[in-house]
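These notes concern the structure reproduced below.
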Amino acid sequence: MSEATTEAGEATAEQGAPRRGERADAARNRRAILRATEELLAECGAEHVSLDRVAAAAGVGKGTVFRRFGSRTGLFQALLADRAARLREAIDEEAAPLGTDGAPCERLLAFLDALADIAEHHLSLIAAHERACGEDKFDDPTYRGWHAHVSALVRELRPGLDAEFVAHMLLAAFDGELVRRLTADGDWTRFRQSVRDLADLLVGQGK
């Protein structure tokens with residue numbers, strides 16, 4: 001198993017994550033809470049998402065939400081981790097282009113494309129998550145996993161570069177408010193290509 005796979009797998013969100021041996025009712029409540037959070041984000045915006053409103057929309061008690069997620073930040077972290085779970089699974093598998101059978105350059109571009117897909121379909125969540133986490137967003141489990149994966153791929157491609165710095169720069173392209181501004185006209189194809197061009201500029205093997 002590669003360094004990228006190992007580190008990305010280790011940096012998973014624990015708070016609110018599915019638990020081994022979880023009771024059926026607890027799993028059902030978790031799904032309902034995350035679904036309610038996402039719907040409120042889309043309908044009302046992050047400023048109107050509270051534990052009380054999420055609990056009411058999910059049909060559970062506020063204590064259930066608090067015990068499982070702790071805060072709005074915990075809710076947003078768990079929801080983003082839930083949406084990123086399939087991407088993490090693909091990274092851990094062998095199948096190219098995301099998996100370990102792919103060349104490092106191929107894997108990097110495929111990963112950036114996958115992040116663009118997440119941004120396109122869950123932009124409100126990404127922006128809300130960043131605002132809730134504030135300066136701690138770089139310690140968020142999902143971000144740490146993404147950063148570890150990109151760093152490892154950059155290190156393979158260009159050993160002489162500061163891989164951690166370059167990884168932060170590439171991930172900065174997915175800042176929620178920046179992405180909202182750049183895609184205001186709905187041109188996601190341009191955004192995806194621009195991110196690929198940035199990878200080419202920083203790493204030198206983006207194409």
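We name chains A, B, ... following the order of the structure tokens; residues begin at 1 in each chain, and ligands are numbered from 1 as shown.
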
Mind checking DSSP for chain A and telling me the alpha helix (DSSP H) residues as a ChimeraX atom specification?
-> /A:3-10,24-44,51-58,62-69,72-92,104-121,123-133,141-157,163-172,176-182,188-203

Excluding Lys62 in chain A and residues on its chain fewer than 4 positions from it, collect all residues at most 10 Å away from it, counting only C-alpha atoms, and give them as a ChimeraX atom specification.
-> /A:50-56,58,66-67

Leaving out range 68-85 of chain A and any residue of its chain fewer than 4 positions from it, which residues lie within 9 Å of it when counting only C-alpha atoms, given as a ChimeraX atom specification?
-> /A:12-17,30,33-35,37-38,49-51,63-64,89-90,115,118,122,125-126,128-133,140-142

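By chain and then residue number, the residues within 12 Å of Ala119 in chain A are A:Leu80, A:Arg83, A:Ala84, A:Leu112, A:Asp113, A:Ala114, A:Ser124, A:Leu125, A:Ile126, A:Ala127, A:Leu171, A:Ala173, A:Phe174, A:Asp175, A:Gly176, A:Glu177, A:Leu178, A:Val179, A:Arg180, A:Leu182, A:Thr183, A:Trp188, A:Phe191, A:Arg192, counting only C-alpha atoms and disregarding those fewer than 5 positions away in sequence.
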
Shortest contact to Val60 in chain A, candidates A:Ala148, A:Ala32, A:Ala95, A:Cys44, atoms counted only C-alpha atoms, goes to A:Ala32

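Our summary of the geometry notes that CA of Leu109 in chain A is positioned 7.8 Å from CA of Ala199 in chain A.
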
Residue contacts of range 155-165 of chain A (7 Å, only C-alpha atoms) excluding same-chain residues fewer than 6 positions away, as a list in words = Pro104, Cys105 and Val203 of chain A

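Proximity to Gly102 in chain A was assessed for A:Arg23, A:Leu170, A:Leu40, A:Leu153 counting only C-alpha atoms; the smallest distance is recorded for A:Leu153.
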
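For the pair CA of Gln193 in chain A and CA of Glu106 in chain A, the interatomic distance is 14.4 Å.
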